[in-house]
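**Student:** Dropping in model02.txt, which is compact mmCIF, C-alpha atoms:
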```
# COMPACT_ATOMS: atom_id res chain seq x y z
CA MET A 1 0.00 0.00 0.00
CA ILE A 2 2.79 2.41 0.98
CA LYS A 3 4.63 1.58 -2.27
CA PHE A 4 1.45 2.29 -4.23
CA VAL A 5 0.95 5.73 -2.60
CA GLU A 6 4.68 6.42 -3.06
CA SER A 7 4.46 5.63 -6.80
CA ILE A 8 1.43 7.95 -7.13
CA PHE A 9 3.38 10.90 -5.69
CA GLN A 10 6.51 10.05 -7.72
CA ASN A 11 4.50 10.04 -10.96
CA LEU A 12 2.60 13.13 -9.87
CA SER A 13 5.83 15.11 -9.53
CA LEU A 14 7.18 13.85 -12.87
CA TRP A 15 4.28 13.93 -15.35
CA GLY A 16 1.04 13.45 -13.39
CA LEU A 17 0.33 17.03 -12.43
CA PRO A 18 0.81 18.58 -15.91
CA VAL A 19 -1.47 15.86 -17.33
CA ILE A 20 -4.12 16.53 -14.64
CA MET A 21 -3.88 20.26 -15.40
CA ILE A 22 -4.27 19.77 -19.16
CA ILE A 23 -7.28 17.42 -18.75
CA THR A 24 -8.95 19.78 -16.24
CA GLY A 25 -8.23 22.76 -18.49
CA VAL A 26 -9.87 21.00 -21.45
CA ILE A 27 -12.94 20.16 -19.29
CA GLU A 28 -13.18 23.78 -18.08
CA PHE A 29 -12.92 25.06 -21.63
CA GLY A 30 -15.48 22.52 -22.85
CA LEU A 31 -17.92 23.57 -20.11
CA GLY A 32 -17.53 27.20 -21.17
CA LEU A 33 -16.03 28.27 -17.85
CA TYR A 34 -13.68 30.76 -19.54
CA GLU A 35 -16.76 32.71 -20.65
CA ASN A 36 -15.31 33.75 -24.03
CA LYS A 37 -12.64 35.81 -22.22
CA TRP A 38 -9.80 33.56 -23.41
CA ASN A 39 -8.78 35.67 -26.40
CA LYS A 40 -5.61 35.19 -28.49
CA ASN A 41 -3.39 37.32 -26.21
CA GLU A 42 -4.57 35.46 -23.07
CA ARG A 43 -4.22 32.08 -24.78
CA ILE A 44 -0.60 32.69 -25.84
CA LEU A 45 0.31 34.04 -22.39
CA ASP A 46 -1.28 31.09 -20.55
CA ILE A 47 0.34 28.51 -22.82
CA VAL A 48 3.80 30.15 -22.68
CA CYS A 49 3.57 30.39 -18.86
CA PHE A 50 2.54 26.72 -18.67
CA VAL A 51 5.16 25.32 -21.05
CA ILE A 52 8.36 27.42 -20.67
CA PRO A 53 8.83 26.96 -16.88
CA LYS A 54 8.19 23.20 -17.11
CA VAL A 55 10.41 22.56 -20.13
CA VAL A 56 13.23 25.07 -19.63
CA ILE A 57 13.24 26.97 -16.32
CA ARG A 58 12.48 24.32 -13.68
CA PRO A 59 14.88 21.64 -15.09
CA ALA A 60 17.64 24.27 -15.32
CA MET A 61 16.94 25.44 -11.76
CA VAL A 62 17.00 21.88 -10.40
CA TYR A 63 20.25 21.18 -12.27
CA PHE A 64 22.02 24.26 -10.93
CA THR A 65 20.61 23.71 -7.43
CA LEU A 66 21.99 20.15 -7.43
CA LEU A 67 25.38 21.52 -8.52
CA ALA A 68 25.35 24.43 -6.07
CA LEU A 69 24.18 22.71 -2.88
CA PRO A 70 27.23 20.39 -2.39
CA VAL A 71 29.40 23.53 -2.73
CA LEU A 72 27.27 25.73 -0.46
CA LEU A 73 26.60 23.00 2.15
CA PRO A 74 29.66 20.74 1.89
CA GLY A 75 29.54 17.63 4.09
CA PHE A 76 25.89 18.16 5.05
CA LYS A 77 24.33 15.82 2.49
CA GLY A 78 21.78 13.57 4.20
CA ILE A 79 22.65 14.61 7.76
CA PHE A 80 18.94 14.78 8.68
CA SER A 81 17.95 11.54 6.95
CA TRP A 82 17.26 10.07 10.43
CA VAL A 83 14.26 12.40 10.89
CA PRO A 84 11.07 10.25 11.00
CA PHE A 85 8.71 10.69 8.04
CA PHE A 86 5.91 12.36 10.04
CA TRP A 87 8.22 15.06 11.40
CA GLY A 88 9.97 15.52 8.04
CA PHE A 89 6.57 16.05 6.41
CA PHE A 90 5.56 18.57 9.10
CA ILE A 91 8.88 20.49 8.89
CA ILE A 92 8.81 20.73 5.06
CA ALA A 93 5.09 21.58 4.90
CA VAL A 94 5.55 24.53 7.27
CA ALA A 95 8.88 25.69 5.81
CA ASP A 96 7.76 25.48 2.18
CA ASP A 97 4.26 26.91 2.45
CA LEU A 98 5.03 29.66 4.99
CA THR A 99 7.90 30.82 2.75
CA GLN A 100 5.56 30.92 -0.23
CA TYR A 101 2.98 32.84 1.84
CA TRP A 102 5.63 35.48 2.47
CA TYR A 103 6.85 35.53 -1.12
CA HIS A 104 3.26 36.04 -2.27
CA ARG A 105 2.27 38.57 0.43
CA LEU A 106 5.34 40.75 -0.16
CA HIS A 107 4.55 40.92 -3.89
CA HIS A 108 1.18 42.41 -2.95
CA GLN A 109 2.30 44.67 -0.10
CA LEU A 110 5.65 46.01 -1.33
CA PRO A 111 4.77 48.32 -4.25
CA TRP A 112 8.05 47.74 -6.13
CA LEU A 113 7.39 43.96 -6.25
CA TRP A 114 3.77 44.16 -7.50
CA ARG A 115 4.58 44.23 -11.24
CA PHE A 116 6.40 40.88 -11.00
CA HIS A 117 3.18 39.27 -9.73
CA ARG A 118 0.61 41.31 -11.71
CA THR A 119 0.51 38.80 -14.58
CA HIS A 120 -1.03 36.21 -12.24
CA HIS A 121 -3.89 38.61 -11.43
CA SER A 122 -4.57 40.10 -14.84
CA ALA A 123 -6.69 37.18 -16.12
CA PRO A 124 -10.40 38.07 -16.12
CA TYR A 125 -11.25 34.39 -15.45
CA MET A 126 -10.24 31.54 -13.13
CA GLY A 127 -9.05 28.13 -14.25
CA MET A 128 -6.17 25.74 -14.84
CA ALA A 129 -4.97 27.99 -17.67
CA MET A 130 -3.91 30.66 -15.20
CA ALA A 131 -2.74 28.47 -12.31
CA SER A 132 0.82 28.68 -13.66
CA ARG A 133 0.41 32.14 -15.22
CA GLN A 134 3.34 34.08 -13.77
CA ASN A 135 6.01 36.55 -14.87
CA LEU A 136 9.27 34.73 -15.65
CA LEU A 137 11.26 36.45 -12.87
CA TYR A 138 8.56 35.62 -10.31
CA THR A 139 8.98 31.95 -11.31
CA ILE A 140 12.79 32.06 -11.21
CA PHE A 141 12.92 33.62 -7.73
CA PHE A 142 10.19 31.34 -6.33
CA SER A 143 11.97 31.26 -2.97
CA GLN A 144 10.48 28.15 -1.39
CA ILE A 145 11.76 25.99 -4.25
CA TYR A 146 15.33 26.67 -3.12
CA LEU A 147 14.49 26.11 0.54
CA THR A 148 12.85 22.75 -0.23
CA ALA A 149 15.78 21.78 -2.48
CA ALA A 150 18.17 22.57 0.41
CA LEU A 151 16.08 20.49 2.86
CA THR A 152 16.06 17.64 0.31
CA HIS A 153 19.87 17.86 0.13
CA LEU A 154 19.98 17.65 3.94
CA GLY A 155 18.03 14.37 3.88
CA LEU A 156 14.32 15.29 3.91
CA GLY A 157 13.73 14.48 0.23
CA TYR A 158 11.30 11.60 0.79
CA ALA A 159 8.94 13.80 2.85
CA ALA A 160 9.37 16.65 0.32
CA LEU A 161 8.04 14.36 -2.44
CA PHE A 162 4.69 14.03 -0.63
CA VAL A 163 4.45 17.66 0.53
CA THR A 164 5.12 19.13 -2.91
CA GLY A 165 2.69 16.67 -4.56
CA LEU A 166 -0.10 17.42 -2.09
CA LYS A 167 0.57 21.14 -2.29
CA SER A 168 0.42 21.14 -6.09
CA LEU A 169 -2.96 19.39 -6.02
CA ILE A 170 -4.42 21.80 -3.44
CA THR A 171 -3.16 25.00 -5.10
CA THR A 172 -4.15 24.01 -8.65
CA ALA A 173 -7.61 22.91 -7.42
CA ALA A 174 -8.01 26.27 -5.65
CA HIS A 175 -7.40 28.07 -8.98
CA SER A 176 -9.77 25.85 -10.96
CA SER A 177 -13.08 27.20 -12.17
CA ILE A 178 -14.56 23.85 -11.11
CA LYS A 179 -15.85 24.75 -7.64
CA TRP A 180 -15.20 21.47 -5.86
CA ASP A 181 -15.94 23.03 -2.45
CA LYS A 182 -19.54 24.00 -3.25
CA PRO A 183 -21.17 20.76 -1.96
CA PHE A 184 -19.49 21.31 1.42
CA TYR A 185 -21.42 24.60 1.80
CA ALA A 186 -24.69 23.34 0.30
CA LYS A 187 -25.18 20.25 2.49
CA ARG A 188 -25.80 21.15 6.11
CA TRP A 189 -24.31 17.91 7.46
CA LEU A 190 -21.04 18.74 5.66
CA HIS A 191 -20.71 22.19 7.30
CA PRO A 192 -18.35 20.95 10.07
CA VAL A 193 -16.04 19.54 7.37
CA ALA A 194 -16.30 22.83 5.44
CA TRP A 195 -15.48 24.78 8.62
CA VAL A 196 -12.22 22.85 9.03
CA LEU A 197 -11.32 22.80 5.30
CA GLU A 198 -11.73 26.53 4.71
CA ARG A 199 -9.52 27.35 7.68
CA LEU A 200 -6.85 24.76 6.95
CA ILE A 201 -6.34 24.89 3.15
CA SER A 202 -7.02 27.19 0.20
CA THR A 203 -10.41 26.44 -1.33
CA PRO A 204 -11.81 27.80 -4.61
CA ALA A 205 -14.04 30.16 -2.55
CA THR A 206 -11.21 31.73 -0.51
CA HIS A 207 -8.69 31.74 -3.35
CA HIS A 208 -11.15 33.04 -5.95
CA ALA A 209 -11.78 35.92 -3.51
CA HIS A 210 -8.06 36.71 -3.82
CA HIS A 211 -8.47 36.93 -7.62
CA ALA A 212 -11.59 39.14 -7.50
CA ASP A 213 -11.36 42.50 -9.27
CA THR A 214 -13.00 44.35 -6.38
CA ASN A 215 -12.99 44.35 -2.57
CA GLU A 216 -16.28 46.20 -2.34
CA ASP A 217 -18.80 43.38 -2.68
CA GLY A 218 -17.95 41.66 0.64
CA VAL A 219 -16.71 38.59 -1.23
CA GLY A 220 -13.55 39.73 -3.03
CA HIS A 221 -10.37 40.20 -1.02
CA TYR A 222 -7.60 40.74 -3.52
CA LYS A 223 -5.28 42.39 -0.99
CA GLY A 224 -5.46 39.39 1.31
CA ASN A 225 -6.00 35.59 1.28
CA PHE A 226 -2.33 35.04 0.40
CA GLY A 227 -2.17 31.39 1.56
CA ASN A 228 -1.28 28.76 -1.03
CA MET A 229 -1.55 25.24 0.40
CA PHE A 230 -2.53 26.33 3.94
CA PHE A 231 -5.02 29.12 4.64
CA ILE A 232 -4.09 29.05 8.31
CA TRP A 233 -1.32 31.66 7.74
CA ASP A 234 -3.96 34.22 6.75
CA ILE A 235 -5.86 33.49 9.97
CA ILE A 236 -2.74 33.78 12.14
CA PHE A 237 -1.62 37.07 10.52
CA GLY A 238 -5.09 38.56 10.02
CA THR A 239 -4.77 38.87 6.24
CA GLY A 240 -7.72 36.70 5.26
CA ILE A 241 -11.47 36.59 4.92
CA ILE A 242 -13.36 33.33 4.74
CA THR A 243 -16.15 33.35 2.20
CA ARG A 244 -18.50 30.72 0.85
CA LYS A 245 -19.50 32.83 -2.13
CA TYR A 246 -17.60 33.40 -5.35
CA PRO A 247 -16.74 36.78 -6.87
CA ALA A 248 -18.93 38.08 -9.69
CA SER A 249 -15.86 39.04 -11.75
CA TYR A 250 -12.14 38.34 -11.72
CA GLY A 251 -8.94 40.11 -12.75
CA TYR A 252 -7.52 43.56 -12.18
CA LYS A 253 -9.30 46.86 -12.79
CA GLU A 254 -6.11 48.46 -14.14
CA TYR A 255 -5.56 45.69 -16.70
CA LYS A 256 -5.02 47.07 -20.19
CA GLN A 257 -4.72 43.74 -22.05
CA GLU A 258 -0.95 44.21 -22.15
CA GLU A 259 0.98 42.21 -24.74
CA TRP A 260 1.69 38.62 -23.65
CA TYR A 261 5.47 39.08 -23.99
CA ALA A 262 5.42 42.17 -21.73
CA GLN A 263 3.42 40.29 -19.09
CA PHE A 264 5.71 37.26 -19.25
CA LEU A 265 9.05 39.07 -19.52
CA TRP A 266 8.62 42.46 -17.81
CA PRO A 267 10.94 44.36 -17.17
CA ILE A 268 13.00 42.89 -20.04
CA PHE A 269 10.16 43.75 -22.45
CA LYS A 270 7.83 46.67 -21.75
CA SER A 271 4.24 47.20 -22.83
CA LYS A 272 3.34 49.74 -25.51
CA LYS A 273 -0.05 50.40 -23.88
CA GLU A 274 -0.22 53.96 -22.64
CA GLY A 275 -0.54 54.37 -18.87
CA SER A 276 0.10 50.67 -18.25
CA GLU A 277 2.05 49.63 -15.14
CA LEU A 278 4.17 47.55 -17.52
CA SER A 279 4.95 50.43 -19.91
CA ALA A 280 8.27 52.30 -19.87
CA ASN A 281 6.94 55.29 -17.89
CA GLY A 282 3.95 53.66 -16.27
CA PRO A 283 2.97 53.90 -12.58
CA VAL A 284 4.43 51.35 -10.15
CA VAL A 285 0.95 50.62 -8.79
CA ALA A 286 -2.02 52.23 -10.51
CA ASP A 287 -4.49 50.87 -7.97
CA GLU A 288 -4.33 52.98 -4.80
CA LEU A 289 -6.79 51.13 -2.58
CA PRO A 290 -5.81 51.68 1.08
CA GLU A 291 -4.65 48.45 2.66
CA ASN A 292 -5.33 49.27 6.32
CA ALA A 293 -8.98 48.28 6.21
CA ASP A 294 -8.16 44.88 4.74
CA LEU A 295 -5.61 43.62 7.19
CA THR A 296 -7.94 42.18 9.77
CA PHE A 297 -9.34 38.68 9.77
CA LYS A 298 -13.00 38.87 8.86
CA THR A 299 -15.82 36.40 8.39
CA GLU A 300 -18.59 38.79 7.25
CA SER A 301 -18.89 37.04 3.95
CA LEU A 302 -20.19 33.88 5.56
CA THR A 303 -23.91 33.49 5.22
CA PRO A 304 -25.72 33.13 8.59
CA ALA A 305 -26.55 29.53 7.71
CA ALA A 306 -22.95 28.81 6.98
CA ILE A 307 -21.51 29.98 10.31
CA MET B 1 2.94 54.68 -4.28
CA LYS B 2 4.92 54.31 -1.07
CA LEU B 3 4.79 51.53 1.47
CA GLN B 4 2.56 52.67 4.32
CA LYS B 5 4.15 52.82 7.76
CA GLU B 6 1.43 50.69 9.33
CA THR B 7 1.84 48.00 6.65
CA ALA B 8 5.63 48.00 7.18
CA GLN B 9 5.13 47.56 10.94
CA LYS B 10 2.71 44.67 10.40
CA ILE B 11 5.15 42.99 8.02
CA THR B 12 7.97 43.28 10.58
CA ARG B 13 5.76 41.96 13.41
CA ASP B 14 4.51 39.03 11.31
CA ILE B 15 8.02 38.08 10.14
CA ILE B 16 9.12 37.83 13.79
CA ILE B 17 6.09 35.61 14.57
CA SER B 18 6.96 33.52 11.48
CA LEU B 19 10.42 32.76 12.85
CA PHE B 20 8.75 31.03 15.81
CA ILE B 21 6.39 29.15 13.49
CA TYR B 22 9.34 27.92 11.38
CA ALA B 23 11.00 26.61 14.56
CA LEU B 24 7.82 25.03 15.97
CA PRO B 25 7.91 21.63 14.16
CA VAL B 26 11.59 21.15 15.05
CA VAL B 27 11.00 22.09 18.70
CA LEU B 28 7.95 19.78 18.92
CA MET B 29 9.94 16.94 17.35
CA PHE B 30 12.79 17.18 19.89
CA LEU B 31 10.29 17.61 22.73
CA THR B 32 8.62 14.35 21.65
CA PHE B 33 12.01 12.60 21.52
CA TYR B 34 12.83 13.95 25.00
CA ILE B 35 9.52 12.68 26.44
CA THR B 36 9.60 9.26 24.74
CA GLY B 37 13.38 8.77 25.13
CA GLU B 38 13.74 8.03 21.40
CA LYS B 39 17.08 8.73 19.70
CA PRO B 40 16.55 8.05 15.98
CA TRP B 41 19.91 9.65 15.09
CA ASP B 42 21.65 6.83 17.03
CA LYS B 43 19.94 4.22 14.83
CA LYS B 44 21.28 5.91 11.73
CA GLU B 45 24.82 5.98 13.18
CA ASN B 46 24.60 2.27 14.11
CA ILE B 47 23.46 1.36 10.59
CA ALA B 48 26.34 3.40 9.13
CA VAL B 49 28.90 1.72 11.43
CA GLN B 50 27.52 -1.78 10.68
CA SER B 51 27.68 -1.25 6.92
CA GLU B 52 31.26 0.06 7.28
CA ILE B 53 32.27 -3.08 9.22
CA LYS B 54 30.64 -5.26 6.53
CA ASN B 55 32.55 -3.43 3.81
CA ASN B 56 35.86 -3.84 5.69
CA ASN B 57 35.28 -7.60 6.14
CA ARG B 58 34.74 -8.17 2.41
```
Would you kindly transcribe this structure into structure tokens?

**Tutor:**
Amino acid sequence: MIKFVESIFQNLSLWGLPVIMIITGVIEFGLGLYENKWNKNERILDIVCFVIPKVVIRPAMVYFTLLALPVLLPGFKGIFSWVPFFWGFFIIAVADDLTQYWYHRLHHQLPWLWRFHRTHHSAPYMGMAMASRQNLLYTIFFSQIYLTAALTHLGLGYAALFVTGLKSLITTAAHSSIKWDKPFYAKRWLHPVAWVLERLISTPATHHAHHADTNEDGVGHYKGNFGNMFFIWDIIFGTGIITRKYPASYGYKEYKQEEWYAQFLWPIFKSKKEGSELSANGPVVADELPENADLTFKTESLTPAAI
Amino acid sequence: MKLQKETAQKITRDIIISLFIYALPVVLMFLTFYITGEKPWDKKENIAVQSEIKNNNR
């Protein structure tokens, strides 16, 4: 049984997840969940962001990390291989996901970092197609990848295999336009499970709120809900709202349909769209919504029946 | 657009809290070993010594 589960996670990390994403993306498209918003510019951007990191960037990063770690941490290879699986899993899950929470949060809260993450929020739809939609530099500096690679070098690789597999499934499912969490809110007897789930992990409801184009409807919370695998970080730091509704519209109000190459490769390539944040003389952050009001943990969006 | 002072303070406060959260699983692990008397690192050393002896005898 253990070998079977192990083989699932091994295949998931090699080819399983991209295949799951492609199949889900085709189903979403077939069901019309992209609502005719997937125009040529969005299609090219989504496909480039899906393919280039998997084929070129990630393998190169892994290769250089494997070369660099024995030099940076000489004599430390496998020194923590005695750590029992349960504790290794716990250590990696916290280290990896908390680091990604911070990487993500800082890209929203430090104005000079916003444009590296903007591409992920520009899509006016949710779905598999934009789960990997990121600026190239955001992908390259994905900090928790290096931390997890270092912990793998130190001997926690077996636990990392399961954490990264589980995390990929949770985060891609949270981006999907297939709202898998809906039955948990609809059936009263499932409410206790929903209560735990929405506090522990990112669900489509809480993560879609992060991709909403407004904060004013009581559902959207695009300057919060930064958690990726775990939502618990948003609860601890007061940056989240828990909602069981889905935003009416997604994306970014200041989006000017910038060219796919500018979104993928800014600041190497700039947008020609006037006034764009990605243009040569554009504003750093065009959206000036005050953040103070958002930084408290709220549950107003829960319906009375849901609480 | 500048970083607001209040946001900067919250970031600093939360980073300090995060350092404790990073350490928590490691602290809990060693606390469990202390309570149960387990020493899994000894097992690993024994296995390493045994395999070295085997290699020397070949």

**Student:** Of the residues A:Ala150, A:Tyr250, A:Thr206, A:Thr243, which is the one nearest to Val62 in chain A, using all atoms listed in the file?

**Tutor:**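 Checking each of A:Ala150, A:Tyr250, A:Thr206, A:Thr243 against Val62 in chain A, counting all atoms listed in the file, the winner is A:Ala150.
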
**Student:** For the atom pair CA of Val94 in chain A and CA of Leu197 in chain A, what is the interatomic distance in Å to one decimal place?

**Tutor:**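 Between CA of Val94 in chain A and CA of Leu197 in chain A the gap works out to 17.1 Å.
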
**Student:** Residues of chain A within 10 Å of chain B, counting all atoms listed in the file, what are they? List them as JSON, numbers by chain.

**Tutor:** {"A": [79, 80, 81, 82, 83, 84, 86, 87, 88, 89, 90, 91, 92, 93, 94, 95, 96, 98, 99, 102, 105, 106, 109, 110, 111, 112, 233, 236, 237, 238, 283, 284, 285, 286, 287, 288, 290, 291, 292, 295]}

**Student:** Show me, as a list in words, the residues that have an atom within 12 Å of Ile22 in chain A when counting all atoms listed in the file, minus same-chain residues fewer than 3 positions from it.

**Tutor:**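 Those residues are Trp15, Gly16, Leu17, Pro18, Val19, Gly25, Val26, Ile27, Glu28, Phe29, Asp46, Ile47, Phe50, Val51, Gly127, Met128, Ala129, Met130, Ala131, Ser132, Thr172 and Ser176 of chain A.
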
**Student:** Around all the atoms of range 29-46 of chain B listed in the file, draw an axis-aligned box and extend it by 3 Å on each of the six sides; I want its centre and edge lengths in Å to one decimal, as AutoDock Vina command-line options.

**Tutor:**
```
--center_x 16.7 --center_y 9.9 --center_z 19.1 --size_x 22.2 --size_y 21.3 --size_z 20.7
```

**Student:** What's the separation between CA of Tyr158 in chain A and CA of Lys3 in chain A, in Å to one decimal place?

**Tutor:** 12.4 Å

**Student:** Counting all atoms listed in the file, select every polymer residue within 9 Å of (18.9, 17.1, 4.2) as defined in the file's coordinates, and provide the selection as a PyMOL selection string.

**Tutor:** chain A and resi 76-81+149-157

**Student:** With all atoms listed in the file counted, which protein, DNA or RNA residues have an atom no more than 9 Å from (-1.5, 34.7, -18.8) in the file frame? Please answer as a list of chain:residue names.

**Tutor:**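 Output of the proximity query reads A:Asn41, A:Glu42, A:Arg43, A:Ile44, A:Leu45, A:Asp46, A:Ile47, A:Val48, A:Cys49, A:Phe50, A:Thr119, A:His120, A:His121, A:Ser122, A:Ala123, A:Ala129, A:Met130, A:Ser132, A:Arg133, A:Gln134, A:Asn135, A:Trp260, A:Gln263, A:Phe264.
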
**Student:** Go ahead and compute the interatomic distance for CA of Gly251 in chain A and CA of Gly165 in chain A, in Å to one decimal.

**Tutor:** 27.4 Å

**Student:** Would you pick out the contacts of range 208-218 of chain A at 8 Å or less, using all atoms listed in the file, so that residues sharing its chain but fewer than 2 positions from it are not included, and give the list as a PyMOL selection string?

**Tutor:** chain A and resi 121+126+174-175+204-206+220-226+243+246-253+300-301

**Student:** Which is closer to Tyr63 in chain A than all the others in A:Tyr185, A:Thr239, A:Gly32, A:Tyr146, using all atoms listed in the file?

**Tutor:**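 Looking at the shortest contact to Tyr63 in chain A, the residue is A:Tyr146.
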